[in-house]
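Raw contents of input14.csv, CSV, C-alpha atoms and all ligand atoms:
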chain,number,residue,atom,x,y,z
A,30,PHE,CA,19.5,13.8,-0.6
A,31,SER,CA,19.5,16.5,2.1
A,32,HIS,CA,17.1,16.7,5.0
A,33,VAL,CA,14.9,19.3,6.5
A,34,ASP,CA,13.4,19.3,10.0
A,35,VAL,CA,9.7,20.0,10.3
A,36,LEU,CA,8.4,20.0,14.0
A,37,GLY,CA,11.0,17.4,14.9
A,38,THR,CA,10.7,15.0,12.0
A,39,SER,CA,13.5,14.9,9.5
A,40,PHE,CA,12.2,14.9,6.0
A,41,THR,CA,14.1,13.9,2.9
A,42,LYS,CA,14.2,16.6,0.2
A,43,ILE,CA,12.9,14.4,-2.6
A,44,THR,CA,10.4,14.5,-5.4
A,45,ASN,CA,8.1,11.7,-6.4
A,46,GLN,CA,10.2,11.0,-9.5
A,47,GLU,CA,13.5,11.0,-7.5
A,48,LEU,CA,12.1,8.7,-4.9
A,49,LEU,CA,10.8,6.3,-7.5
A,50,GLU,CA,14.1,6.2,-9.4
A,51,GLN,CA,16.1,5.8,-6.1
A,52,LEU,CA,13.9,3.0,-4.9
A,53,GLU,CA,14.2,1.2,-8.3
A,54,LYS,CA,17.9,1.5,-8.0
A,55,ASP,CA,17.9,0.3,-4.4
A,56,SER,CA,15.7,-2.6,-5.2
A,57,ASN,CA,17.8,-3.7,-8.2
A,58,ALA,CA,20.9,-3.6,-5.9
A,59,HIS,CA,18.9,-5.6,-3.2
A,60,LYS,CA,19.3,-2.9,-0.6
A,61,ASN,CA,17.4,-2.9,2.7
A,62,ARG,CA,15.3,0.2,2.9
A,63,PHE,CA,12.7,1.7,5.1
A,64,VAL,CA,10.4,4.3,3.6
A,65,VAL,CA,8.1,6.5,5.7
A,66,THR,CA,5.5,8.7,4.1
A,67,ALA,CA,4.8,11.0,7.1
A,68,ASN,CA,1.4,12.8,7.3
A,69,PRO,CA,0.7,15.6,9.9
A,70,GLU,CA,-0.8,13.0,12.4
A,71,ILE,CA,2.5,11.1,12.3
A,72,VAL,CA,4.6,14.2,12.9
A,73,LEU,CA,2.4,15.3,15.8
A,74,PHE,CA,2.4,11.8,17.3
A,75,ALA,CA,6.2,11.6,17.1
A,76,ARG,CA,6.5,14.9,19.1
A,77,GLN,CA,4.7,13.2,22.0
A,78,ASN,CA,6.2,9.7,21.7
A,79,LYS,CA,10.0,9.4,21.9
A,80,GLU,CA,10.1,5.8,21.0
A,81,TYR,CA,8.2,6.4,17.8
A,82,ALA,CA,10.3,9.5,17.0
A,83,SER,CA,13.5,7.4,17.3
A,84,VAL,CA,11.9,4.7,15.1
A,85,LEU,CA,11.1,7.4,12.4
A,86,ASN,CA,14.7,8.5,12.6
A,87,THR,CA,15.9,5.1,11.4
A,88,ALA,CA,14.0,5.5,8.1
A,89,ASP,CA,16.1,5.9,4.9
A,90,TYR,CA,13.6,8.2,3.2
A,91,THR,CA,10.8,10.2,4.9
A,92,THR,CA,8.5,12.1,2.6
A,93,ALA,CA,5.8,14.7,3.2
A,94,ASP,CA,2.5,12.9,2.9
A,95,GLY,CA,0.3,16.0,3.1
A,96,ILE,CA,0.2,19.5,1.6
A,97,GLY,CA,0.2,20.9,5.2
A,98,ILE,CA,3.8,19.6,5.7
A,99,VAL,CA,5.0,21.1,2.4
A,100,LYS,CA,3.4,24.4,3.3
A,101,GLY,CA,4.7,24.3,6.8
A,102,ALA,CA,8.2,23.6,5.6
A,103,ARG,CA,8.0,26.6,3.2
A,104,ILE,CA,6.8,28.9,6.1
A,105,LEU,CA,9.7,27.7,8.2
A,106,GLY,CA,12.1,28.6,5.4
A,107,ARG,CA,13.1,25.0,4.8
A,108,PRO,CA,11.2,24.1,1.7
A,109,LEU,CA,10.4,20.6,0.5
A,110,PRO,CA,9.9,20.1,-3.2
A,111,GLU,CA,6.5,18.5,-3.2
A,112,ARG,CA,4.0,16.2,-1.6
A,113,VAL,CA,4.9,12.5,-1.9
A,114,THR,CA,2.1,10.3,-0.7
A,115,GLY,CA,2.1,6.7,0.4
A,116,TYR,CA,-0.7,5.7,-1.9
A,117,ASP,CA,0.9,7.3,-5.0
A,118,THR,CA,4.3,5.7,-4.2
A,119,LEU,CA,2.6,2.3,-3.7
A,120,LEU,CA,1.0,2.5,-7.1
A,121,SER,CA,4.3,3.6,-8.8
A,122,LEU,CA,6.1,0.7,-7.1
A,123,LEU,CA,3.4,-1.8,-8.1
A,124,LYS,CA,3.8,-0.7,-11.7
A,125,PHE,CA,7.6,-1.1,-11.4
A,126,ALA,CA,7.2,-4.5,-9.7
A,127,ASN,CA,5.0,-5.6,-12.6
A,128,LYS,CA,7.4,-4.4,-15.2
A,129,LYS,CA,10.4,-6.1,-13.6
A,130,SER,CA,8.6,-9.2,-12.2
A,131,LYS,CA,9.6,-8.3,-8.6
A,132,ARG,CA,8.4,-10.2,-5.6
A,133,VAL,CA,6.0,-8.3,-3.3
A,134,TYR,CA,4.7,-9.2,0.2
A,135,PHE,CA,1.4,-7.5,1.3
A,136,LEU,CA,0.8,-7.2,5.0
A,137,GLY,CA,-2.2,-5.5,6.6
A,138,ALA,CA,-5.9,-4.5,6.5
A,139,LYS,CA,-8.9,-6.7,7.2
A,140,PRO,CA,-9.1,-10.2,5.8
A,141,SER,CA,-11.8,-9.3,3.4
A,142,VAL,CA,-9.8,-6.3,2.1
A,143,ILE,CA,-6.5,-8.1,1.6
A,144,THR,CA,-8.3,-10.9,-0.2
A,145,LYS,CA,-9.9,-8.4,-2.5
A,146,ILE,CA,-6.7,-6.5,-3.3
A,147,ILE,CA,-4.8,-9.7,-4.0
A,148,VAL,CA,-7.4,-10.6,-6.7
A,149,LYS,CA,-7.1,-7.1,-8.1
A,150,ILE,CA,-3.3,-7.2,-8.1
A,151,ARG,CA,-3.3,-10.5,-10.0
A,152,GLN,CA,-5.5,-8.9,-12.6
A,153,ASP,CA,-3.9,-5.5,-12.9
A,154,TYR,CA,-0.3,-6.4,-12.4
A,155,PRO,CA,0.0,-9.9,-13.9
A,156,GLN,CA,3.8,-10.0,-14.0
A,157,LEU,CA,4.3,-8.9,-10.4
A,158,ILE,CA,5.0,-11.9,-8.2
A,159,ILE,CA,2.9,-12.1,-5.1
A,160,ALA,CA,5.5,-13.4,-2.6
A,161,GLY,CA,2.9,-13.6,0.1
A,162,TYR,CA,0.2,-11.8,2.0
A,163,HIS,CA,-1.5,-11.7,5.3
A,164,ASP,CA,-4.2,-9.6,6.9
A,165,GLY,CA,-3.2,-7.1,9.7
A,166,TYR,CA,-5.0,-8.8,12.6
A,167,PHE,CA,-2.5,-11.6,13.4
A,168,LYS,CA,-1.6,-12.8,16.9
A,169,ASN,CA,1.8,-14.3,16.4
A,170,GLU,CA,4.1,-11.6,15.0
A,171,SER,CA,7.1,-13.9,14.7
A,172,THR,CA,5.2,-16.4,12.4
A,173,ILE,CA,4.4,-13.5,10.1
A,174,VAL,CA,8.0,-12.3,10.1
A,175,GLN,CA,9.2,-15.9,9.3
A,176,GLU,CA,6.7,-16.1,6.5
A,177,ILE,CA,7.9,-12.8,5.0
A,178,GLN,CA,11.5,-13.9,5.3
A,179,GLN,CA,10.9,-17.2,3.6
A,180,SER,CA,9.1,-15.5,0.8
A,181,SER,CA,12.3,-13.4,-0.1
A,182,PRO,CA,10.4,-10.3,-1.2
A,183,ASP,CA,11.8,-7.3,-3.0
A,184,PHE,CA,9.1,-5.1,-1.5
A,185,VAL,CA,7.1,-5.4,1.7
A,186,PHE,CA,4.1,-3.1,2.0
A,187,VAL,CA,2.8,-2.8,5.5
A,188,ALA,CA,-0.7,-1.5,6.0
A,189,LEU,CA,-1.2,-1.6,9.8
A,190,GLY,CA,-1.8,2.1,10.3
A,191,PHE,CA,0.6,4.3,12.2
A,192,PRO,CA,2.4,3.9,14.6
A,193,LYS,CA,2.1,0.1,14.3
A,194,GLN,CA,3.4,-0.2,10.8
A,195,GLU,CA,6.6,1.8,11.4
A,196,LEU,CA,7.3,0.0,14.7
A,197,PHE,CA,6.8,-3.3,12.9
A,198,ILE,CA,9.1,-2.4,10.0
A,199,ALA,CA,11.9,-0.9,12.3
A,200,HIS,CA,11.8,-4.1,14.3
A,201,HIS,CA,11.8,-6.6,11.5
A,202,ARG,CA,13.3,-5.0,8.4
A,203,ASN,CA,16.6,-6.9,8.9
A,204,SER,CA,14.7,-10.2,8.2
A,205,SER,CA,14.6,-9.4,4.5
A,206,GLN,CA,16.8,-7.5,2.2
A,207,ALA,CA,13.8,-5.6,0.8
A,208,ILE,CA,12.2,-2.2,0.4
A,209,TRP,CA,9.8,-1.8,3.4
A,210,MET,CA,7.1,0.8,3.4
A,211,GLY,CA,4.2,1.6,5.6
A,212,VAL,CA,1.2,2.4,3.5
A,213,GLY,CA,-1.5,3.2,6.1
A,214,GLY,CA,-5.0,2.9,4.7
A,215,SER,CA,-3.9,2.4,1.1
A,216,PHE,CA,-5.1,-1.3,0.9
A,217,ASP,CA,-8.6,-0.1,1.8
A,218,VAL,CA,-8.4,2.6,-0.9
A,219,LEU,CA,-7.1,0.0,-3.5
A,220,ALA,CA,-9.9,-2.3,-2.6
A,221,GLY,CA,-12.4,0.5,-3.4
A,301,LIG,N1,-5.0,-2.2,10.5
A,301,LIG,C1,-4.5,-3.5,10.6
A,301,LIG,N2,-4.2,-4.0,11.8
A,301,LIG,C2,-4.3,-3.3,13.0
A,301,LIG,C3,-4.8,-2.0,12.9
A,301,LIG,C4,-5.1,-1.4,11.6
A,301,LIG,O1,-4.3,-4.2,9.6
A,301,LIG,O2,-4.1,-3.8,14.0
A,301,LIG,C5,-5.2,-1.6,9.2
A,301,LIG,C6,-6.6,-1.2,8.9
A,301,LIG,O3,-7.5,-2.3,8.6
A,301,LIG,C7,-6.5,-0.3,7.8
A,301,LIG,C8,-5.0,0.3,7.9
A,301,LIG,O4,-4.5,-0.5,9.0
A,301,LIG,O5,-6.5,-1.0,6.6
A,301,LIG,C9,-4.9,1.7,8.2
A,301,LIG,O6,-5.7,2.1,9.3
A,301,LIG,P1,-6.0,3.6,9.6
A,301,LIG,O7,-6.7,4.2,8.4
A,301,LIG,O8,-6.7,3.7,10.9
A,301,LIG,O9,-4.6,4.2,9.7
A,301,LIG,P2,-3.8,5.4,9.1
A,301,LIG,O10,-4.1,5.5,7.6
A,301,LIG,O11,-4.3,6.7,9.8
A,301,LIG,O12,-2.4,5.2,9.3
For this file, write the structure as C-alpha cells.
Ligand code: UDP
Amino acid sequence: FSHVDVLGTSFTKITNQELLEQLEKDSNAHKNRFVVTANPEIVLFARQNKEYASVLNTADYTTADGIGIVKGARILGRPLPERVTGYDTLLSLLKFANKKSKRVYFLGAKPSVITKIIVKIRQDYPQLIIAGYHDGYFKNESTIVQEIQQSSPDFVFVALGFPKQELFIAHHRNSSQAIWMGVGGSFDVLAG
C-alpha cells in the first residue's frame, strides 16, 4: 500500500475492506502489526510533539479516522480512498476473531466499562477467546505487559486514549506476535 502525507502524518492508502483482509492475512501468518486510526486531534498533536510523531511513524497501517482528514487529503491533491475508523475496524476484527476463534486481549477504559464489555463480548462473540483483559488505570505497566505476553493473544486492543495508547503499543508490541491497535473511546461506545 502506498502512503500519503497529511500535515506531517503518513497515511496508508487503504479502504476498510482492504485493511480488514490485510489484517486477517497478517493475523493468520502471526505477524506483529501496529495499527493507528488517526483522527484530526492525533494529527495536530503529532505536529507539536516529536516523540509522538516518531511513534506514529512506526505504525504499519495508519488510517484516516475522520472525514476531515479524507477531505483534507483530497484538497491537498493526495486523496485517501475513505474513512476507516477505529470503532468500525474493532467491530470487524471482533467478528473475524469470533469466526476463527482467535485470542483477544482487551486493555483500557474504566473498571466498570471493561467488565461490562467483557460480558457483552462473551454473549455476542461466543467463539472468540478472551485471552485476558485489564482496565486502563493500572500502576505497574510491566505487570500488564507480562500478562499480555503470557496470554499469547492474536489481537491486543488498547483503549487508553491518545497519545497513551500509541506510546504503550510502540513500547511493548514486541512482547507479543499480535495485531496491536489503539481504539480510543471504543470500549465506552461498546459498553453503551
Ligand atoms: N483511559 C484509560 N486510561 C487512562 C486514560 C484514559 O483507560 O489513563 C480510557 C478512558 O477511560 C476511555 C479511553 O481511554 O475509555 C479513551 O479516552 P478519551 O475518549 O479521552 O480518548 P480519545 O478517544 O480522545 O483517544
Give me, as JSON, numbers by chain, the set of residues whose atoms come within 6 Å of any atom of ligand LIG 301 (chain A), counting only C-alpha atoms and all ligand atoms.
{"A": [137, 138, 139, 165, 166, 188, 189, 190, 191, 213, 214, 216, 217]}
Counting all atoms listed in the file, which of A:Tyr154, A:Phe167, A:Phe63, A:Tyr116 gets nearest to Gln206 (chain A)?
A:Phe63
Around the point (15.0, 20.4, 4.7), in the coordinates given by the file, pick out the residues reaching within 8 Å, counting only C-alpha atoms, and return them as a PDB file with C-alpha atoms, keeping the file's coordinate frame.
ATOM      1  CA  SER A  31      19.500  16.500   2.100  1.00  0.00           C
ATOM      2  CA  HIS A  32      17.100  16.700   5.000  1.00  0.00           C
ATOM      3  CA  VAL A  33      14.900  19.300   6.500  1.00  0.00           C
ATOM      4  CA  ASP A  34      13.400  19.300  10.000  1.00  0.00           C
ATOM      5  CA  VAL A  35       9.700  20.000  10.300  1.00  0.00           C
ATOM      6  CA  SER A  39      13.500  14.900   9.500  1.00  0.00           C
ATOM      7  CA  PHE A  40      12.200  14.900   6.000  1.00  0.00           C
ATOM      8  CA  THR A  41      14.100  13.900   2.900  1.00  0.00           C
ATOM      9  CA  LYS A  42      14.200  16.600   0.200  1.00  0.00           C
ATOM     10  CA  ALA A 102       8.200  23.600   5.600  1.00  0.00           C
ATOM     11  CA  ARG A 107      13.100  25.000   4.800  1.00  0.00           C
ATOM     12  CA  PRO A 108      11.200  24.100   1.700  1.00  0.00           C
ATOM     13  CA  LEU A 109      10.400  20.600   0.500  1.00  0.00           C
TER      14      LEU A 109
END
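Interatomic distance, CA of Pro140 (chain A) against CA of Ala93 (chain A): 29.1 Å.
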Where does region 80-165 of chain A meet region 170-179 of chain A within 10 Å, residue by residue, with the nearest atom pair and distance in Å to one decimal for each, counting only C-alpha atoms, listed by chain and rising number, as JSON lines?
{"residue": "A:Val133", "atom": "CA", "partner": "A:Ile177", "partner_atom": "CA", "distance": 9.6}
{"residue": "A:Tyr134", "atom": "CA", "partner": "A:Ile177", "partner_atom": "CA", "distance": 6.8}
{"residue": "A:Phe135", "atom": "CA", "partner": "A:Ile177", "partner_atom": "CA", "distance": 9.2}
{"residue": "A:Leu136", "atom": "CA", "partner": "A:Ile173", "partner_atom": "CA", "distance": 8.9}
{"residue": "A:Ala160", "atom": "CA", "partner": "A:Ile177", "partner_atom": "CA", "distance": 8.0}
{"residue": "A:Gly161", "atom": "CA", "partner": "A:Ile177", "partner_atom": "CA", "distance": 7.0}
{"residue": "A:Tyr162", "atom": "CA", "partner": "A:Ile177", "partner_atom": "CA", "distance": 8.3}
{"residue": "A:His163", "atom": "CA", "partner": "A:Ile173", "partner_atom": "CA", "distance": 7.8}
{"residue": "A:Asp164", "atom": "CA", "partner": "A:Ile173", "partner_atom": "CA", "distance": 10.0}
{"residue": "A:Gly165", "atom": "CA", "partner": "A:Ile173", "partner_atom": "CA", "distance": 9.9}
Written file, previous selection with C-alpha atoms, as a short mmCIF file (atom, residue, chain, number, x, y, z; two decimals), in the frame of the given file:
data_model
loop_
_atom_site.label_atom_id
_atom_site.label_comp_id
_atom_site.auth_asym_id
_atom_site.auth_seq_id
_atom_site.Cartn_x
_atom_site.Cartn_y
_atom_site.Cartn_z
CA VAL A 133 6.00 -8.30 -3.30
CA TYR A 134 4.70 -9.20 0.20
CA PHE A 135 1.40 -7.50 1.30
CA LEU A 136 0.80 -7.20 5.00
CA ALA A 160 5.50 -13.40 -2.60
CA GLY A 161 2.90 -13.60 0.10
CA TYR A 162 0.20 -11.80 2.00
CA HIS A 163 -1.50 -11.70 5.30
CA ASP A 164 -4.20 -9.60 6.90
CA GLY A 165 -3.20 -7.10 9.70
#
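One finds CA of Asp89 (chain A) at 22.3 Å from CA of Arg103 (chain A).
A cut-off of 9 Å from the point (1.6, 15.1, 4.2), with only C-alpha atoms, picks out the residues Thr66, Ala67, Asn68, Pro69, Glu70, Thr92, Ala93, Asp94, Gly95, Ile96, Gly97, Ile98, Val99, Arg112, Val113 and Thr114 of chain A.
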Which residue is closest to Ala126 (chain A)? Choose from A:Asp183, A:Glu111, A:Asp55, A:Glu80 and count all atoms listed in the file.
A:Asp183
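The spacing separating CA of Asn57 (chain A) from CA of Lys145 (chain A) amounts to 28.7 Å.
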Residue nearest Arg132 (chain A) - candidates A:Thr44, A:Asn78, A:Ser204, A:Gln156, atoms counted: all atoms listed in the file
A:Gln156
Can you pull out every residue within 9 Å of Asn127 (chain A), counting only C-alpha atoms, but drop anything in the same chain fewer than 4 positions away, and send it as a list in words?
Leu122, Leu123, Lys131, Asp153, Tyr154, Pro155, Gln156, Leu157 and Ile158 of chain A
Quick one: residues within 9 Å of Ile198 (chain A), only C-alpha atoms, excluding same-chain residues fewer than 4 positions away - as a PyMOL selection string?
chain A and resi 63+187+193-194+202-203+209-211
Mind checking which residues fall within 6 Å of Gly115 (chain A), counting only C-alpha atoms, ignoring those fewer than 2 positions away in the same chain, and posting them as a VMD selection string?
chain A and resid 66 117 to 118 212
Atom completion result for region 39-75 of chain A (N, CA and C atoms) as a CSV table (one decimal), keeping the file's coordinate frame:
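Final output, rebuild-v8.csv:
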chain,number,residue,atom,x,y,z
A,39,SER,N,12.6,14.6,10.6
A,39,SER,CA,13.5,14.9,9.5
A,39,SER,C,13.0,14.4,8.2
A,40,PHE,N,12.7,15.3,7.3
A,40,PHE,CA,12.2,14.9,6.0
A,40,PHE,C,13.3,14.9,4.9
A,41,THR,N,13.2,14.0,4.0
A,41,THR,CA,14.1,13.9,2.9
A,41,THR,C,13.6,14.9,1.8
A,42,LYS,N,14.5,15.7,1.3
A,42,LYS,CA,14.2,16.6,0.2
A,42,LYS,C,14.2,15.8,-1.1
A,43,ILE,N,13.0,15.3,-1.5
A,43,ILE,CA,12.9,14.4,-2.6
A,43,ILE,C,11.6,14.6,-3.3
A,44,THR,N,11.6,14.5,-4.7
A,44,THR,CA,10.4,14.5,-5.4
A,44,THR,C,9.9,13.1,-5.6
A,45,ASN,N,8.6,13.0,-6.1
A,45,ASN,CA,8.1,11.7,-6.4
A,45,ASN,C,9.0,10.9,-7.4
A,46,GLN,N,9.4,11.6,-8.5
A,46,GLN,CA,10.2,11.0,-9.5
A,46,GLN,C,11.5,10.5,-8.9
A,47,GLU,N,12.2,11.4,-8.1
A,47,GLU,CA,13.5,11.0,-7.5
A,47,GLU,C,13.3,9.8,-6.6
A,48,LEU,N,12.3,9.8,-5.8
A,48,LEU,CA,12.1,8.7,-4.9
A,48,LEU,C,11.9,7.4,-5.6
A,49,LEU,N,11.1,7.5,-6.7
A,49,LEU,CA,10.8,6.3,-7.5
A,49,LEU,C,12.1,5.7,-8.1
A,50,GLU,N,12.9,6.6,-8.7
A,50,GLU,CA,14.1,6.2,-9.4
A,50,GLU,C,15.1,5.7,-8.3
A,51,GLN,N,15.2,6.3,-7.2
A,51,GLN,CA,16.1,5.8,-6.1
A,51,GLN,C,15.7,4.4,-5.6
A,52,LEU,N,14.4,4.2,-5.4
A,52,LEU,CA,13.9,3.0,-4.9
A,52,LEU,C,14.1,1.9,-5.9
A,53,GLU,N,13.9,2.2,-7.2
A,53,GLU,CA,14.2,1.2,-8.3
A,53,GLU,C,15.6,0.8,-8.2
A,54,LYS,N,16.5,1.8,-8.1
A,54,LYS,CA,17.9,1.5,-8.0
A,54,LYS,C,18.2,0.6,-6.8
A,55,ASP,N,17.7,1.0,-5.6
A,55,ASP,CA,17.9,0.3,-4.4
A,55,ASP,C,17.4,-1.1,-4.5
A,56,SER,N,16.3,-1.3,-5.1
A,56,SER,CA,15.7,-2.6,-5.2
A,56,SER,C,16.5,-3.5,-6.1
A,57,ASN,N,17.0,-2.9,-7.3
A,57,ASN,CA,17.8,-3.7,-8.2
A,57,ASN,C,19.1,-4.1,-7.5
A,58,ALA,N,19.6,-3.3,-6.6
A,58,ALA,CA,20.9,-3.6,-5.9
A,58,ALA,C,20.6,-4.4,-4.6
A,59,HIS,N,19.4,-4.8,-4.4
A,59,HIS,CA,18.9,-5.6,-3.2
A,59,HIS,C,19.3,-4.9,-1.9
A,60,LYS,N,19.1,-3.6,-1.8
A,60,LYS,CA,19.3,-2.9,-0.6
A,60,LYS,C,18.2,-3.0,0.4
A,61,ASN,N,18.5,-2.9,1.6
A,61,ASN,CA,17.4,-2.9,2.7
A,61,ASN,C,17.1,-1.5,2.9
A,62,ARG,N,15.8,-1.1,2.7
A,62,ARG,CA,15.3,0.2,2.9
A,62,ARG,C,14.0,0.3,3.6
A,63,PHE,N,13.9,1.5,4.3
A,63,PHE,CA,12.7,1.7,5.1
A,63,PHE,C,12.2,3.1,4.7
A,64,VAL,N,11.0,3.1,4.1
A,64,VAL,CA,10.4,4.3,3.6
A,64,VAL,C,9.2,4.8,4.5
A,65,VAL,N,9.2,6.0,5.0
A,65,VAL,CA,8.1,6.5,5.7
A,65,VAL,C,7.5,7.7,4.9
A,66,THR,N,6.2,7.6,4.7
A,66,THR,CA,5.5,8.7,4.1
A,66,THR,C,4.7,9.4,5.3
A,67,ALA,N,5.3,10.5,5.8
A,67,ALA,CA,4.8,11.0,7.1
A,67,ALA,C,3.7,12.1,6.8
A,68,ASN,N,2.5,11.8,7.4
A,68,ASN,CA,1.4,12.8,7.3
A,68,ASN,C,1.5,13.7,8.6
A,69,PRO,N,0.7,14.7,8.7
A,69,PRO,CA,0.7,15.6,9.9
A,69,PRO,C,0.4,14.8,11.2
A,70,GLU,N,-0.5,13.8,11.2
A,70,GLU,CA,-0.8,13.0,12.4
A,70,GLU,C,0.5,12.3,12.9
A,71,ILE,N,1.3,11.8,12.0
A,71,ILE,CA,2.5,11.1,12.3
A,71,ILE,C,3.5,12.1,13.0
A,72,VAL,N,3.6,13.2,12.4
A,72,VAL,CA,4.6,14.2,12.9
A,72,VAL,C,4.2,14.6,14.3
A,73,LEU,N,2.9,14.9,14.5
A,73,LEU,CA,2.4,15.3,15.8
A,73,LEU,C,2.6,14.2,16.9
A,74,PHE,N,2.3,12.9,16.4
A,74,PHE,CA,2.4,11.8,17.3
A,74,PHE,C,3.9,11.6,17.8
A,75,ALA,N,4.8,11.8,16.8
A,75,ALA,CA,6.2,11.6,17.1
A,75,ALA,C,6.7,12.7,18.1
